[in-house]
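Scroll down for the structure; my scribbles are underneath it.
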Amino acid sequence: MPSATLIDVLVRTAASAGCAEPTRLRHALELAADKRQPLIEALVDANMVDEDRFFAQLATGLGMPYAENGLDDAAEGLHSRFPAKLALRHRICPAQVANGEVTILTYNPFDLSARQAVGQELRKRVHWQIAPRHRILEALHQGYGVGAENFEELLEGRVAGDDHDDLKQETTVLDEADEEATVMNFVNQVFREALKERATDIHVEPLERDLRIRYRVDGKLLEVPVPPNMRLLQNSLVSRLKIMAHLDIAERRLPQDGRINLELDGEPIDVRVATIPSVNGESVALRLLTRKKFDMGAIGLDPHTEATLRKLIAAPNGIILVTGPTGSGKSTTLYTLLKELNTKDRRIVTIEDPVENKLDGVVQIAVKPEIDLTFAAGLRSILRGDPNVIMVGEMRDQETVEIAIRGALTGHLVLSTLHTNDAVGGISRLLDMGIEPFMVASSVRAFQAQRLVRTLCGACKQPSHYEDSYLKNIGFPLEWKGKLFKPGGCRACRNTGFTGRLAIMEICLMTEAIQDKINQRANTIELKAQALKDGMVPMRQYGFRKASEGVTTLEEVMTVTAATE
């Protein structure tokens with residue numbers, strides 16, 4: 001169909017579906033035609049139409065069936081019913097294959113090349129139906145797995161040539177250019193998809209008879225569909241990742257750590273790589289470190305907490321300790337505070353293990369125990385370098401803490417982290433390390449504890465109801481109960497109900513009363529009671545406020561604060 005005629009059809013269809021202003025739509029399609037872009041792809045990519053309404057109207061206008069529910073079970077066993085290369089290259093999805101007939105779903109009924117390819121490949125009667133693009137792409141992803149179009153021919157060859165009844169047998173990494181290029185494309189595709197899904201980690205895990213890939217998104221692990229028999233290419237995949245991280249591909253018995261620096265679609269990415277030998281082969285953990293724009297507003301602080309943190313970092317000296325378990329966002333909070341402090345009249349030096357994010361204007365040092373560059377050794381050198389602000393990645397031992405205290409008492413502002421359940425627990429941790437009470441009381445300005453909660457998707461969250469007895473039992477104010485929400489599930493959040501995370505916090509300030517309690521070696525219960533009396537808002541109460549604002553759910557707050565109560 002000529003471009004001009006197709007543009008007329010698409011404009012009329014969109015107008016009939018009430019999706020877009022015709023003049024604006026026509027202009028966009030004419031630009032796409034000039035650039036020789038597929039018009040339906042350009043139309044959907046520009047977010048100018050509601051897919052469900054548009055494709056339903058397109059099917060009506062062309063007199064073709066519309067697959068309203070035809071994709072519900074289409075992904076099940078898809079790879080065994082239909083060639084991956086054919087489906088993925090033309091973005092078509094078989095809904096039914098039976099009795100010498102096949103029903104194929106497409107979102108581009110004007111793609112003649114797809115019809116020709118299907119006619120040449122299949123010896124069956126074909127029925128075509130229209131479906132929304134996003135539903136077809138999701139079915140293809142679930143049915144074939146990431147990178148299936150690259151692996152189909154290679155995997156078929158390996159299955160035919162290997163004794164795949166014994167998948168534990170070691171396979172050698174092939175040197176053929178096609179396999180190397182295919183694995184490379186697959187790795188890049190995994191990275192691209194992980195970034196699109198906002199993943200922070202990728203886990204490549206060999207199982208007894210399969211290879212599993214999972215992304216960590218908003219703190220939760222999500223399994224990624226992969227092509228069948230991927231286990232046969234496990235060694236090739238792991239070797240490719242090790243080569244990118246400059247690791248020894250011949251060493252499979254010991255753990256190794258490395259780093260990958262790459263650029264995908266113009267975005268620089270740092271990847272921390274850790275390999276672990278297991279009984280089924282090497283497992284690889286990849287931590288994605290994208291270039292973040294650290295911003296105090298992005299943490300989601302309430303005005304009072306933000307004002308308190310700004311007042312603390314405005315002090316010329318003292319120690320501010322951010323506490324919490326691994327994965328609670330401590331590093332992000334520290335980098336955000338450093339960005340606020342990073343002015344031309346301040347010299348900031350950090351020592352970290354490892355340096356996760358690079359900050360312009362900040363001198364950052366990476367710990368290297370193999371050459372005796374520890375936190376303590378690095379901190380001594382930093383203090384001789386005339387810094388205004390020091391950030392220590394973690395207070396791991398008594399020596400490091402004592403040097404940091406010495407720096408705070410001699411006029412430096414020190415930021416660091418501790419692994420404790422709550423803010424007051426930081427006091428006990430320092431005392432347990434052997435630090436004298438008077439040194440803790442005189443050097444530390446505040447202990448700040450935090451956790452991360454998932455934030456509700458604004459497009460699909462729904463009002464939630466709880467019994468008064470339950471709310472009273474957990475200490476939730478009843479006057480807020482009408483403002484609570486629960487997750488729904490939509491296309492925007494991939495049916496999880498959540499998009500992103502924010503920190504909930506509590507801050508124990510070093511008041512005179514707290515200093516007296518520390519010097520008296522009061523226990524944790526007495527210290528916490530005094531902190532609450534001095535105005536500390538407990539983390540759970542902070543979270544309740546966020547839940548009442550419709551930002552997160554009550555269940556999220558209760559789950560992440562379980563260890564703090």
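Letters for chains follow the order of the structure tokens (A, B, ...), residue numbers begin at 1 for each chain, and ligand numbers begin at 1 in the order shown.
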Practice problem: as a PyMOL selection string, list the residues of stretch 280-438 of chain A assigned to strand (DSSP E or B) by DSSP on the backbone atoms of this structure. | Solution: chain A and resi 281-290+318-323+348-352+363-366+368+373+389-392+413-418
Mind dumping the selected residues with C-alpha atoms as a compact mmCIF listing (two decimals), in the first residue's frame?
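As written to disk, out20.txt reads:
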```
# COMPACT_ATOMS: atom_id res chain seq x y z
CA GLY A 281 28.93 -24.33 37.12
CA GLU A 282 29.87 -20.69 37.63
CA SER A 283 27.23 -18.23 38.81
CA VAL A 284 27.70 -14.57 37.86
CA ALA A 285 26.29 -11.58 39.76
CA LEU A 286 26.27 -8.25 37.93
CA ARG A 287 25.61 -4.98 39.81
CA LEU A 288 24.55 -2.20 37.42
CA LEU A 289 25.90 1.20 38.41
CA THR A 290 24.33 3.81 36.16
CA GLY A 318 31.45 15.79 63.75
CA ILE A 319 30.36 12.36 62.52
CA ILE A 320 27.08 11.52 60.79
CA LEU A 321 26.43 7.78 60.62
CA VAL A 322 23.91 6.25 58.22
CA THR A 323 22.81 2.82 59.44
CA ILE A 348 35.95 16.31 49.92
CA VAL A 349 37.83 13.00 50.04
CA THR A 350 36.25 9.54 50.23
CA ILE A 351 37.54 6.03 50.81
CA GLU A 352 35.18 3.31 49.60
CA VAL A 363 38.66 12.81 45.46
CA GLN A 364 37.63 9.15 45.70
CA ILE A 365 39.88 6.33 46.88
CA ALA A 366 39.13 2.60 46.46
CA LYS A 368 42.79 -2.36 48.10
CA LEU A 373 45.24 0.07 51.51
CA VAL A 389 34.70 16.56 54.47
CA ILE A 390 35.57 12.86 54.65
CA MET A 391 33.36 9.95 53.64
CA VAL A 392 34.30 6.48 54.88
CA LEU A 413 32.98 16.52 58.97
CA VAL A 414 32.91 12.71 58.63
CA LEU A 415 30.17 10.70 56.92
CA SER A 416 30.04 6.92 57.15
CA THR A 417 27.84 3.83 57.52
CA LEU A 418 27.17 1.09 60.05
```
Exercise. List the neighbours of A:Gln129 out to 12 Å using only C-alpha atoms; skip same-chain residues closer than 2 positions along the sequence, and give me the result as a PyMOL selection string.
Key: chain A and resi 55-56+58-60+62-71+92-96+102-109+126-127+131-132+136
Self-check item: Minimum-distance residue to A:Val551, chosen among A:Asp302, A:Asp534, A:Asp210, A:Asp516 (using only C-alpha atoms)
Solution: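 So, comparing all the options, the nearest one is A:Asp302.
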Quiz item: Which neighbours of A:Ile313 fall inside 8 Å, counting only C-alpha atoms, when residues of the same chain fewer than 2 positions from it are skipped, and could you give them as JSON, numbers by chain?
Solution: {"A": [309, 310, 311, 315, 316, 337, 341, 413]}
Write out, as a short mmCIF file (atom, residue, chain, number, x, y, z; two decimals), in the first residue's frame, the residues just selected, with all heavy atoms.
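File produced: result_17.cif:
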```
data_model
loop_
_atom_site.label_atom_id
_atom_site.label_comp_id
_atom_site.auth_asym_id
_atom_site.auth_seq_id
_atom_site.Cartn_x
_atom_site.Cartn_y
_atom_site.Cartn_z
N LEU A 309 18.55 16.99 58.08
CA LEU A 309 19.78 16.55 57.40
C LEU A 309 20.59 17.73 56.90
O LEU A 309 21.83 17.73 57.00
CB LEU A 309 19.43 15.63 56.24
CG LEU A 309 18.97 14.21 56.61
CD1 LEU A 309 18.58 13.43 55.37
CD2 LEU A 309 20.09 13.46 57.35
N ARG A 310 19.91 18.73 56.38
CA ARG A 310 20.65 19.91 55.90
C ARG A 310 21.35 20.62 57.05
O ARG A 310 22.47 21.12 56.90
CB ARG A 310 19.70 20.87 55.18
CG ARG A 310 19.21 20.35 53.83
CD ARG A 310 18.43 21.40 53.06
NE ARG A 310 17.93 20.89 51.80
CZ ARG A 310 18.64 20.80 50.68
NH1 ARG A 310 19.91 21.20 50.69
NH2 ARG A 310 18.12 20.34 49.57
N LYS A 311 20.71 20.66 58.20
CA LYS A 311 21.33 21.29 59.37
C LYS A 311 22.55 20.49 59.83
O LYS A 311 23.58 21.06 60.20
CB LYS A 311 20.31 21.40 60.50
CG LYS A 311 20.84 22.11 61.74
CD LYS A 311 19.75 22.25 62.79
CE LYS A 311 20.29 22.95 64.04
NZ LYS A 311 19.23 23.09 65.08
N ALA A 315 27.11 21.59 59.64
CA ALA A 315 28.07 21.69 60.75
C ALA A 315 29.50 21.54 60.23
O ALA A 315 29.75 20.78 59.29
CB ALA A 315 27.78 20.62 61.79
N PRO A 316 30.46 22.23 60.83
CA PRO A 316 31.84 22.16 60.34
C PRO A 316 32.55 20.86 60.69
O PRO A 316 33.53 20.49 60.05
CB PRO A 316 32.52 23.35 61.02
CG PRO A 316 31.72 23.58 62.26
CD PRO A 316 30.31 23.23 61.92
N LEU A 337 24.18 13.42 50.11
CA LEU A 337 24.70 14.40 51.07
C LEU A 337 26.01 15.00 50.55
O LEU A 337 26.25 16.21 50.69
CB LEU A 337 24.91 13.76 52.44
CG LEU A 337 23.65 13.24 53.13
CD1 LEU A 337 24.01 12.59 54.47
CD2 LEU A 337 22.63 14.36 53.34
N LEU A 341 27.17 18.91 49.66
CA LEU A 341 28.36 19.53 50.27
C LEU A 341 29.42 19.92 49.24
O LEU A 341 30.36 20.65 49.55
CB LEU A 341 28.99 18.54 51.27
CG LEU A 341 28.22 18.28 52.56
CD1 LEU A 341 28.75 17.04 53.26
CD2 LEU A 341 28.31 19.50 53.48
N LEU A 413 34.31 17.12 59.03
CA LEU A 413 32.98 16.52 58.97
C LEU A 413 33.15 15.14 58.34
O LEU A 413 33.67 15.02 57.23
CB LEU A 413 32.03 17.37 58.14
CG LEU A 413 30.59 16.84 58.01
CD1 LEU A 413 29.90 16.80 59.38
CD2 LEU A 413 29.79 17.70 57.04
#
```
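If you look at atom CA of A:Gly488 and atom CA of A:Cys460, they are 5.0 Å away from each other.
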Quiz item: Within 10 Å of stretch 483-485 of chain A, counting only C-alpha atoms, which residues qualify if same-chain residues fewer than 4 places away don't, as a ChimeraX atom specification?
Solution: /A:456,461-466,479,544,546-554
With N, CA, C and O atoms kept, could you save the residues just selected as a CSV table (one decimal), in the first residue's frame?
```csv
chain,number,residue,atom,x,y,z
A,456,LEU,N,4.1,3.0,45.1
A,456,LEU,CA,2.9,2.6,44.3
A,456,LEU,C,2.9,3.2,42.9
A,456,LEU,O,3.3,4.3,42.8
A,461,LYS,N,-2.9,2.3,41.3
A,461,LYS,CA,-3.1,2.0,42.8
A,461,LYS,C,-4.6,2.2,43.1
A,461,LYS,O,-5.3,2.9,42.5
A,462,GLN,N,-5.0,1.4,44.1
A,462,GLN,CA,-6.4,1.3,44.4
A,462,GLN,C,-6.6,1.6,45.9
A,462,GLN,O,-5.8,1.2,46.7
A,463,PRO,N,-7.8,2.2,46.3
A,463,PRO,CA,-8.0,2.4,47.8
A,463,PRO,C,-8.0,1.0,48.5
A,463,PRO,O,-8.5,0.0,48.0
A,464,SER,N,-7.6,1.1,49.7
A,464,SER,CA,-7.5,-0.2,50.5
A,464,SER,C,-8.2,0.0,51.9
A,464,SER,O,-8.2,1.1,52.4
A,465,HIS,N,-8.7,-1.0,52.4
A,465,HIS,CA,-9.5,-1.0,53.7
A,465,HIS,C,-8.9,-1.9,54.7
A,465,HIS,O,-8.5,-3.0,54.4
A,466,TYR,N,-8.7,-1.4,55.9
A,466,TYR,CA,-8.2,-2.3,57.0
A,466,TYR,C,-9.2,-2.1,58.2
A,466,TYR,O,-9.8,-1.1,58.4
A,479,GLU,N,-7.3,8.2,62.0
A,479,GLU,CA,-7.8,9.3,61.2
A,479,GLU,C,-7.2,9.2,59.8
A,479,GLU,O,-7.6,9.9,58.9
A,544,PHE,N,4.4,5.1,58.1
A,544,PHE,CA,3.0,5.3,58.2
A,544,PHE,C,2.6,6.6,57.5
A,544,PHE,O,1.5,6.6,56.8
A,546,LYS,N,4.1,8.1,55.0
A,546,LYS,CA,4.2,7.9,53.6
A,546,LYS,C,3.1,7.0,53.0
A,546,LYS,O,2.6,7.3,51.9
A,547,ALA,N,2.6,6.0,53.8
A,547,ALA,CA,1.5,5.2,53.4
A,547,ALA,C,0.2,6.1,53.4
A,547,ALA,O,-0.6,5.9,52.4
A,548,SER,N,0.1,6.9,54.3
A,548,SER,CA,-1.1,7.8,54.4
A,548,SER,C,-1.2,8.8,53.2
A,548,SER,O,-2.2,9.3,52.9
A,549,GLU,N,0.0,9.1,52.7
A,549,GLU,CA,0.1,10.0,51.5
A,549,GLU,C,-0.1,9.3,50.2
A,549,GLU,O,-0.1,9.9,49.1
A,550,GLY,N,-0.4,8.0,50.3
A,550,GLY,CA,-0.6,7.2,49.0
A,550,GLY,C,0.7,6.9,48.3
A,550,GLY,O,0.6,6.5,47.1
A,551,VAL,N,1.8,7.0,48.9
A,551,VAL,CA,3.1,6.8,48.2
A,551,VAL,C,3.5,5.3,48.2
A,551,VAL,O,4.0,4.8,47.3
A,552,THR,N,3.2,4.6,49.3
A,552,THR,CA,3.5,3.2,49.5
A,552,THR,C,2.4,2.5,50.2
A,552,THR,O,1.3,3.1,50.5
A,553,THR,N,2.6,1.2,50.5
A,553,THR,CA,1.5,0.5,51.2
A,553,THR,C,1.9,0.2,52.6
A,553,THR,O,3.0,0.2,53.0
A,554,LEU,N,0.8,-0.1,53.4
A,554,LEU,CA,1.0,-0.4,54.8
A,554,LEU,C,1.9,-1.7,54.9
A,554,LEU,O,2.7,-1.8,55.8
```
Quiz item: atom CA of A:Arg209 to atom CA of A:Thr496: how many Å, to one decimal?
Solution: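 Straight-line distance from atom CA of A:Arg209 to atom CA of A:Thr496 works out to 28.9 Å.
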Quiz item: Skipping near chain neighbours, those fewer than 2 positions away, what residues fall within 10 Å of A:Ile405 using only C-alpha atoms, listed as a list in words?
Solution: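 Once the adjacent positions are removed, what remains is Gly318, Ile319, Glu399, Thr400, Val401, Glu402, Ile403, Gly407, Ala408, Leu409, Thr410, His412, Leu413, Val414, Ile435, Met439, Val440, Ser442, Ser443 and Val444 of chain A.
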Self-check item: Straight-line distance linking atom CA of A:Val557 with atom CA of A:Val453, stated in Å to one decimal
Solution: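 Computing it gives 6.6 Å between the two atoms.
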Exercise. Could you please write out, as a ChimeraX atom specification, every residue of stretch 278-491 of chain A that DSSP assigns to alpha helix (DSSP H)?
Key: /A:303-313,330-341,375-383,398-409,425-432,437-443,468-474
Quiz prompt | Residue nearest A:Ala42 among A:Arg133, A:Arg216, A:Arg501, A:Arg89 (counting only C-alpha atoms) | solution =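 Answer, going by the shortest atom-to-atom distance: A:Arg133.
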Using only C-alpha atoms, which residues sit within 10 Å of stretch 296-299 of chain A once same-chain residues fewer than 2 positions away are excluded, as an mmCIF file with N, CA, C and O atoms, in the first residue's frame?
```cif
data_model
loop_
_atom_site.group_PDB
_atom_site.id
_atom_site.type_symbol
_atom_site.label_atom_id
_atom_site.label_comp_id
_atom_site.auth_asym_id
_atom_site.auth_seq_id
_atom_site.Cartn_x
_atom_site.Cartn_y
_atom_site.Cartn_z
ATOM 1 N N LYS A 293 21.816 10.962 39.080
ATOM 2 C CA LYS A 293 21.812 12.371 39.461
ATOM 3 C C LYS A 293 21.288 12.463 40.884
ATOM 4 O O LYS A 293 20.084 12.425 41.129
ATOM 5 N N PHE A 294 22.224 12.517 41.834
ATOM 6 C CA PHE A 294 21.830 12.502 43.241
ATOM 7 C C PHE A 294 21.190 13.834 43.618
ATOM 8 O O PHE A 294 21.766 14.895 43.413
ATOM 9 N N LEU A 301 12.137 12.740 50.953
ATOM 10 C CA LEU A 301 12.116 13.137 52.360
ATOM 11 C C LEU A 301 10.948 14.064 52.653
ATOM 12 O O LEU A 301 10.525 14.844 51.800
ATOM 13 N N ASP A 302 10.441 13.971 53.883
ATOM 14 C CA ASP A 302 9.465 14.975 54.286
ATOM 15 C C ASP A 302 10.215 16.247 54.672
ATOM 16 O O ASP A 302 11.436 16.222 54.915
ATOM 17 N N PRO A 303 9.549 17.390 54.717
ATOM 18 C CA PRO A 303 10.245 18.670 54.954
ATOM 19 C C PRO A 303 11.039 18.698 56.250
ATOM 20 O O PRO A 303 12.160 19.235 56.287
ATOM 21 N N GLU A 306 14.261 16.508 55.875
ATOM 22 C CA GLU A 306 15.206 17.171 54.979
ATOM 23 C C GLU A 306 15.886 18.345 55.676
ATOM 24 O O GLU A 306 17.108 18.534 55.553
ATOM 25 N N LEU A 309 18.551 16.990 58.077
ATOM 26 C CA LEU A 309 19.776 16.551 57.403
ATOM 27 C C LEU A 309 20.592 17.734 56.903
ATOM 28 O O LEU A 309 21.829 17.728 56.998
ATOM 29 N N ARG A 310 19.914 18.730 56.376
ATOM 30 C CA ARG A 310 20.649 19.914 55.899
ATOM 31 C C ARG A 310 21.354 20.620 57.050
ATOM 32 O O ARG A 310 22.474 21.123 56.899
ATOM 33 N N GLY A 329 19.930 1.394 50.864
ATOM 34 C CA GLY A 329 20.094 2.703 50.248
ATOM 35 C C GLY A 329 21.053 3.633 50.954
ATOM 36 O O GLY A 329 21.047 4.845 50.701
ATOM 37 N N THR A 332 23.403 5.579 48.548
ATOM 38 C CA THR A 332 22.700 6.633 47.812
ATOM 39 C C THR A 332 22.504 7.859 48.685
ATOM 40 O O THR A 332 22.688 8.999 48.235
ATOM 41 N N THR A 333 22.144 7.638 49.947
ATOM 42 C CA THR A 333 21.976 8.765 50.865
ATOM 43 C C THR A 333 23.296 9.506 51.073
ATOM 44 O O THR A 333 23.339 10.745 51.051
ATOM 45 N N TYR A 335 25.928 9.635 49.034
ATOM 46 C CA TYR A 335 26.288 10.362 47.813
ATOM 47 C C TYR A 335 25.433 11.620 47.646
ATOM 48 O O TYR A 335 25.914 12.654 47.169
ATOM 49 N N THR A 336 24.165 11.526 48.050
ATOM 50 C CA THR A 336 23.290 12.693 47.961
ATOM 51 C C THR A 336 23.774 13.799 48.902
ATOM 52 O O THR A 336 23.802 14.980 48.533
ATOM 53 N N LEU A 337 24.176 13.417 50.113
ATOM 54 C CA LEU A 337 24.701 14.405 51.066
ATOM 55 C C LEU A 337 26.010 15.003 50.553
ATOM 56 O O LEU A 337 26.252 16.212 50.685
ATOM 57 N N LYS A 339 26.880 15.380 47.462
ATOM 58 C CA LYS A 339 26.595 16.308 46.368
ATOM 59 C C LYS A 339 26.166 17.661 46.918
ATOM 60 O O LYS A 339 26.521 18.716 46.373
ATOM 61 N N GLU A 340 25.385 17.645 48.010
ATOM 62 C CA GLU A 340 24.974 18.905 48.632
ATOM 63 C C GLU A 340 26.174 19.658 49.191
ATOM 64 O O GLU A 340 26.210 20.891 49.185
ATOM 65 N N LEU A 452 14.332 0.892 52.492
ATOM 66 C CA LEU A 452 13.712 1.250 51.220
ATOM 67 C C LEU A 452 12.362 0.551 51.097
ATOM 68 O O LEU A 452 12.244 -0.651 51.365
ATOM 69 N N ARG A 501 11.482 3.057 44.306
ATOM 70 C CA ARG A 501 11.551 2.943 45.763
ATOM 71 C C ARG A 501 11.924 4.285 46.373
ATOM 72 O O ARG A 501 12.482 5.148 45.700
ATOM 73 N N LEU A 502 11.604 4.436 47.656
ATOM 74 C CA LEU A 502 12.046 5.619 48.399
ATOM 75 C C LEU A 502 12.484 5.185 49.788
ATOM 76 O O LEU A 502 12.171 4.080 50.240
ATOM 77 N N ALA A 503 13.216 6.066 50.463
ATOM 78 C CA ALA A 503 13.743 5.750 51.787
ATOM 79 C C ALA A 503 12.797 6.234 52.871
ATOM 80 O O ALA A 503 12.240 7.328 52.786
ATOM 81 N N ILE A 504 12.605 5.402 53.893
ATOM 82 C CA ILE A 504 11.951 5.856 55.127
ATOM 83 C C ILE A 504 13.023 5.844 56.214
ATOM 84 O O ILE A 504 13.875 4.956 56.252
#
```
Any idea what's packed within 9 Å of stretch 7-10 of chain A, counting only C-alpha atoms, ignoring anything in its chain fewer than 2 positions away? Could you give it as a short mmCIF file (atom, residue, chain, number, x, y, z; two decimals) with all heavy atoms, in the first residue's frame?
```
data_model
loop_
_atom_site.label_atom_id
_atom_site.label_comp_id
_atom_site.auth_asym_id
_atom_site.auth_seq_id
_atom_site.Cartn_x
_atom_site.Cartn_y
_atom_site.Cartn_z
N PRO A 2 0.68 2.20 -0.91
CA PRO A 2 1.49 3.43 -0.94
C PRO A 2 1.42 4.16 0.40
O PRO A 2 0.42 4.12 1.11
CB PRO A 2 0.84 4.24 -2.06
CG PRO A 2 0.11 3.24 -2.90
CD PRO A 2 -0.34 2.17 -1.97
N SER A 3 2.51 4.89 0.72
CA SER A 3 2.59 5.56 2.02
C SER A 3 1.45 6.56 2.22
O SER A 3 0.87 6.64 3.30
CB SER A 3 3.94 6.28 2.15
OG SER A 3 4.99 5.35 2.18
N ALA A 4 1.12 7.32 1.15
CA ALA A 4 0.08 8.34 1.29
C ALA A 4 -1.26 7.70 1.65
O ALA A 4 -2.00 8.19 2.50
CB ALA A 4 -0.03 9.14 0.00
N THR A 5 -1.59 6.58 0.97
CA THR A 5 -2.84 5.89 1.26
C THR A 5 -2.84 5.32 2.66
O THR A 5 -3.84 5.39 3.39
CB THR A 5 -3.07 4.76 0.24
OG1 THR A 5 -3.00 5.29 -1.08
CG2 THR A 5 -4.43 4.11 0.45
N ARG A 12 -7.44 8.17 9.75
CA ARG A 12 -8.88 7.95 9.93
C ARG A 12 -9.15 6.99 11.09
O ARG A 12 -10.07 7.19 11.89
CB ARG A 12 -9.50 7.38 8.64
CG ARG A 12 -9.69 8.40 7.53
CD ARG A 12 -10.69 7.89 6.49
NE ARG A 12 -10.31 6.58 5.96
CZ ARG A 12 -9.54 6.41 4.90
NH1 ARG A 12 -9.05 7.46 4.25
NH2 ARG A 12 -9.24 5.19 4.47
N THR A 13 -8.34 5.95 11.17
CA THR A 13 -8.52 4.96 12.23
C THR A 13 -8.30 5.59 13.61
O THR A 13 -9.09 5.38 14.54
CB THR A 13 -7.55 3.78 12.05
OG1 THR A 13 -7.77 3.19 10.77
CG2 THR A 13 -7.75 2.75 13.13
N ALA A 14 -7.22 6.36 13.75
CA ALA A 14 -6.93 7.01 15.03
C ALA A 14 -8.02 8.00 15.40
O ALA A 14 -8.42 8.10 16.56
CB ALA A 14 -5.57 7.70 14.96
N ALA A 15 -8.54 8.74 14.41
CA ALA A 15 -9.59 9.71 14.68
C ALA A 15 -10.87 9.00 15.12
O ALA A 15 -11.55 9.43 16.05
CB ALA A 15 -9.85 10.56 13.44
N LEU A 25 -1.23 14.18 13.90
CA LEU A 25 -0.91 12.80 13.59
C LEU A 25 -0.40 12.66 12.16
O LEU A 25 0.59 11.97 11.89
CB LEU A 25 -2.15 11.93 13.81
CG LEU A 25 -2.00 10.44 13.54
CD1 LEU A 25 -0.90 9.85 14.42
CD2 LEU A 25 -3.31 9.72 13.80
N ARG A 26 -1.06 13.31 11.22
CA ARG A 26 -0.64 13.23 9.82
C ARG A 26 0.78 13.78 9.65
O ARG A 26 1.60 13.20 8.93
CB ARG A 26 -1.62 14.00 8.94
CG ARG A 26 -1.27 13.97 7.45
CD ARG A 26 -2.30 14.72 6.63
NE ARG A 26 -3.59 14.07 6.69
CZ ARG A 26 -3.94 13.05 5.91
NH1 ARG A 26 -3.08 12.57 5.03
NH2 ARG A 26 -5.14 12.51 6.01
N LEU A 29 3.27 11.22 10.87
CA LEU A 29 3.39 10.08 9.98
C LEU A 29 4.12 10.44 8.68
O LEU A 29 4.88 9.63 8.13
CB LEU A 29 2.00 9.52 9.66
CG LEU A 29 1.29 8.82 10.83
CD1 LEU A 29 -0.13 8.44 10.44
CD2 LEU A 29 2.06 7.59 11.27
N GLU A 30 3.91 11.65 8.19
CA GLU A 30 4.61 12.08 6.98
C GLU A 30 6.11 12.20 7.24
O GLU A 30 6.94 11.85 6.38
CB GLU A 30 4.04 13.42 6.50
CG GLU A 30 2.65 13.28 5.88
CD GLU A 30 2.01 14.62 5.55
OE1 GLU A 30 2.57 15.66 6.00
OE2 GLU A 30 0.98 14.64 4.86
N ALA A 33 7.43 8.71 7.22
CA ALA A 33 7.51 8.19 5.85
C ALA A 33 8.73 8.74 5.13
O ALA A 33 9.41 8.01 4.38
CB ALA A 33 6.24 8.55 5.10
N LEU A 39 5.35 2.89 9.46
CA LEU A 39 4.42 3.90 9.96
C LEU A 39 3.71 3.48 11.25
O LEU A 39 3.52 4.29 12.15
CB LEU A 39 3.39 4.23 8.87
CG LEU A 39 3.98 4.87 7.60
CD1 LEU A 39 2.87 5.27 6.64
CD2 LEU A 39 4.83 6.09 7.96
N ILE A 40 3.30 2.23 11.34
CA ILE A 40 2.62 1.79 12.56
C ILE A 40 3.58 1.82 13.73
O ILE A 40 3.22 2.20 14.85
CB ILE A 40 1.98 0.40 12.37
CG1 ILE A 40 0.71 0.54 11.53
CG2 ILE A 40 1.66 -0.24 13.71
CD1 ILE A 40 -0.12 -0.71 11.43
N LEU A 43 3.90 5.35 14.78
CA LEU A 43 2.66 5.80 15.42
C LEU A 43 2.61 5.38 16.88
O LEU A 43 2.32 6.18 17.77
CB LEU A 43 1.47 5.22 14.66
CG LEU A 43 0.07 5.64 15.10
CD1 LEU A 43 -0.18 7.08 14.77
CD2 LEU A 43 -0.97 4.74 14.44
N LEU A 58 -8.80 -0.48 14.01
CA LEU A 58 -8.13 -0.86 12.76
C LEU A 58 -8.68 -2.19 12.25
O LEU A 58 -8.93 -2.36 11.05
CB LEU A 58 -6.62 -0.96 12.98
CG LEU A 58 -5.76 -1.30 11.75
CD1 LEU A 58 -5.89 -0.22 10.69
CD2 LEU A 58 -4.30 -1.48 12.16
N GLY A 61 -12.09 -1.56 10.76
CA GLY A 61 -12.01 -0.87 9.47
C GLY A 61 -11.55 -1.77 8.34
O GLY A 61 -11.97 -1.61 7.19
#
```
